[in-house]
Amino acid sequence: MSWQDVWAGLHLNSTGVMAAVLVGLVCAYLGVFVVLKRVVFVGLTLAQLSGAGIGLAFLLGPVLGALGHRYAHSVWPVGQVGTSLEWIAARPLCISLVVTLLGIWLLARHSWSHVVPRDSIVGAAYVAAYGMTLLFILRSPKGMEDVRELLDGSVIATSPADLMMLALVLGTVLVIHALFYKQHLFVAFDPEAAAAQSYHVAGWEALFYVTLGVAITVAMRQAGILLVFAYLVVPPIVGLVAARRMGSVLGIALLSAGLSAILGFVLALKWDLPLSPPTIGVGLGLLAVAALARRRSPA
Amino acid sequence: MNALISFEHARLGYREPVLDDVCLDVFPGDYLGIVGPNGAGKTTLLRAILGLIRPLAGSVRSPGPEHRIGYVPQRDTLDSLFPLSVLDIVLMGLYHTLGPVRRPGPKERRSAMDVLEDLGIGDLASRSYRSLSGGQKQRCIIARALISKPEVLVLDEPTNGMDLPAEHGIVSLIDHLHAEHSLTVLFVSHMLHVVLNHASRLAIVGDGRVVTLDASTDSLGDQLAAVYGMPVDVHDVRGSVVVLARQQPDGGST
């Protein structure tokens with residue numbers, strides 16, 4: 001594809017570009033905390049749980065839709081249940097969100113941390129989510145087509161309505177985190193001292209993971225597992241390697257995510273590739289630049 | 001005199017009790033050293049003082065908002081991965097005064113600088129926390145505890161893993177804060193010589209109980225021997241208290 005065609009493609013897919021940038025910015029911001037809290041594996045597991053939810057929605061969607069359609073015109077309350085089933089069947093995001101939040105609740109509740117490391121519980125949850133995703137998707141009517149959509153998302157097919165919904169949900173998450181930045185920072189850095197200052201540490205942790213789960217679920221539907229996880233990890237690492245202050249780390253992570261999203265889109269159009277590989281490639285390129293810059297700058 | 005912190009027959013623990021029948025009063029101006037073997041329940045007592053756990057039975061009265069507690073955790077629990085400067089960390093001590101959404105402004109920064117100057121590390125304000133030595137890190141988190149002008153300073157193993165000059169510097173600083181600023185100090189440590197040479201009262205934690213006594217009491221060796229389960233000798237060497245495990249004739253220590 002010529003550069004002129006790429007430029008035209010960018011114009012044609014402007015909602016997709018905006019969706020990719022939005023997902024990148026929000027995931028990168030949350031990712032800085034995910035990396036600093038040393039819970040990267042939790043981020044991956046939540047993305048996979050969200051994927052399992054979407055897989056479940058692909059599998060159950062036609063069944064729920066048919067059931068709902070059959071009873072939608074029955075008398076109340078059966079008719080109401082039928083209408084609700086039709087509504088849910090048309091929105092895989094709802095099932096995905098329920099599965100993700102259920103996963104967060106189960107991960108937060110486990111009480112075996114004195115017997116096995118927390119990481120291994122998260123690992124078990126990841127394996128379970130991965131297995132469920134495969135099972136649900138291979139049994140779903142569309143099969144491999146769904147696998148590709150789940151892995152690579154459907155950013156290019158983002159409609160203005162999708163973009164609006166994405167902006168609304170991710171914008172709300174970002175506003176919550178910007179407003180309560182100092183609470184999230186203190187609780188992540190020194191939970192004991194925060195608790196001694198009467199901070200409700202469990203409440204702030206719950207807010208962090210629920211907003212992370214919501215952001216991942218919504219972003220996943222549009223961008224796919226691979227890209228969401230990449231945004232959660234690569235731009236924050238670029239920020240942490242390039243900068244030495246929290247504000248600069250966040251700024252560079254956001255800049256790096258935005259650049260990766262736009263350049264990744266350009267390269268995907270240019271060489272007719274799925275969006276994830278060039279986006280991740282740009283992110284890793286920026287990481288190499290950051291690492292070089294750090295080696296050259298005094299400590 | 002009214003006690004600032006008061007335990008009345010408190011049973012402390014999590015699912016199972018760790019300490020039972022704890023009766024302890026901390027008065028304004030106290031310098032209380034909390035000692036005991038590993039796993040005896042020092043941290044449980046500390047968490048109860050900070051109000052982080054509630055008693056399973058009995059009662060614990062902690063300071064109200066008018067007598068704030070400044071808490072200095074073990075510095076090893078703070079993750080050096082966070083890209084924070086000394087000033088950033090000290091400002092955390094004021095977060096609870098700022099309301100839910102306001103960030104620290106110039107006034108708070110001035111207060112933080114004043115505390116850092118007082119502790120002799122004003123020049124480190126913009127330095128990264130991770131680049132500091134153990135003693136400098138300890139001063140940084142003491143500054144964070146002091147910025148809210150507490151009445152009680154609670155320190156958890158403040159000299160752990162320090163070399164002699166750093167240990168001396170930190171203990172001298174705590175002595176200075178106690179004497180000059182009339183701070184009530186609660187000092188948890190497993191390093192007996194540090195506590196015995198500076199605290200005026202001791203809370204010895206062991207065997208599920210807390211025993212309080214004067215730091216200069218004659219029966220100190222017996223009390224420590226009972227808690228540590230081995231003969232202990234307490235010596236005075238040029239005005240300093242030294243605690244040694246009693247050597248047995250065969251060269252072993254019991």
# chains A, B, ... in the order shown; residues from 1 in each chain; ligands from 1
$ residues_around --residues "A:Leu263" --least-positions-apart "5" --cutoff "8 Å" --atoms "only C-alpha atoms" --output "PyMOL selection string"
chain A and resi 278-279+282
$ residues_around --residues "stretch 233-237 of chain A" --least-positions-apart "4" --cutoff "10 Å" --atoms "only C-alpha atoms" --output "short mmCIF file (atom, residue, chain, number, x, y, z; two decimals) with C-alpha atoms, in the first residue's frame"
data_model
loop_
_atom_site.label_atom_id
_atom_site.label_comp_id
_atom_site.auth_asym_id
_atom_site.auth_seq_id
_atom_site.Cartn_x
_atom_site.Cartn_y
_atom_site.Cartn_z
CA GLY A 24 -3.54 2.78 24.80
CA LEU A 25 -3.66 5.87 27.03
CA CYS A 27 -4.21 1.00 29.78
CA ALA A 28 -0.77 2.67 29.95
CA TYR A 29 -1.86 4.89 32.88
CA LEU A 30 -3.27 1.92 34.81
CA GLY A 31 -0.32 -0.19 33.71
CA VAL A 32 2.16 2.07 35.53
CA PHE A 33 0.43 1.10 38.79
CA VAL A 34 0.11 -2.55 37.68
CA VAL A 35 3.87 -2.72 37.07
CA LEU A 36 4.80 -0.83 40.27
CA VAL A 40 1.53 -7.75 35.93
CA GLY A 43 -3.36 -7.82 34.58
CA LEU A 44 -2.79 -10.67 32.14
CA LEU A 227 -2.93 -5.45 22.51
CA VAL A 228 -4.55 -4.66 25.87
CA PHE A 229 -1.93 -6.63 27.75
CA VAL A 241 13.18 3.17 32.17
CA ALA A 242 13.18 6.69 30.73
CA ALA A 243 12.14 8.78 33.76
CA VAL A 249 6.95 8.20 34.22
CA LEU A 250 3.20 8.62 33.72
CA GLY A 251 3.74 11.28 31.02
CA ILE A 252 6.24 9.18 29.05
CA ALA A 253 4.09 6.04 29.40
CA LEU A 254 1.10 7.94 27.97
CA LEU A 255 3.19 9.46 25.17
CA SER A 256 4.67 6.09 24.33
CA ALA A 257 1.20 4.45 24.27
CA GLY A 258 -0.18 7.20 22.01
CA LEU A 259 2.78 6.93 19.61
CA SER A 260 2.57 3.13 19.55
CA ILE A 280 3.92 -3.93 20.05
CA VAL A 282 6.75 0.27 17.98
CA GLY A 283 6.43 0.02 21.79
CA LEU A 284 9.50 -2.20 22.02
CA LEU A 286 10.57 3.05 22.07
CA LEU A 287 11.74 0.86 24.97
CA ALA A 290 14.54 4.72 26.42
CA ALA A 291 17.11 2.14 27.53
#
$ interface_residues --of "chain A" --to "chain B" --cutoff "7 Å" --atoms "only C-alpha atoms" --output "NGL selection string"
:A and (36 or 179-180 or 186 or 189-190 or 193 or 195-197 or 244-246)
$ residues_around --residues "stretch 75-85 of chain A" --least-positions-apart "2" --cutoff "12 Å" --atoms "only C-alpha atoms" --output "PyMOL selection string"
chain A and resi 57+60-73+87-92+94-95
$ atom_distance --atom1 "atom CA of A:Trp3" --atom2 "atom CA of A:Ala268"
12.0 Å
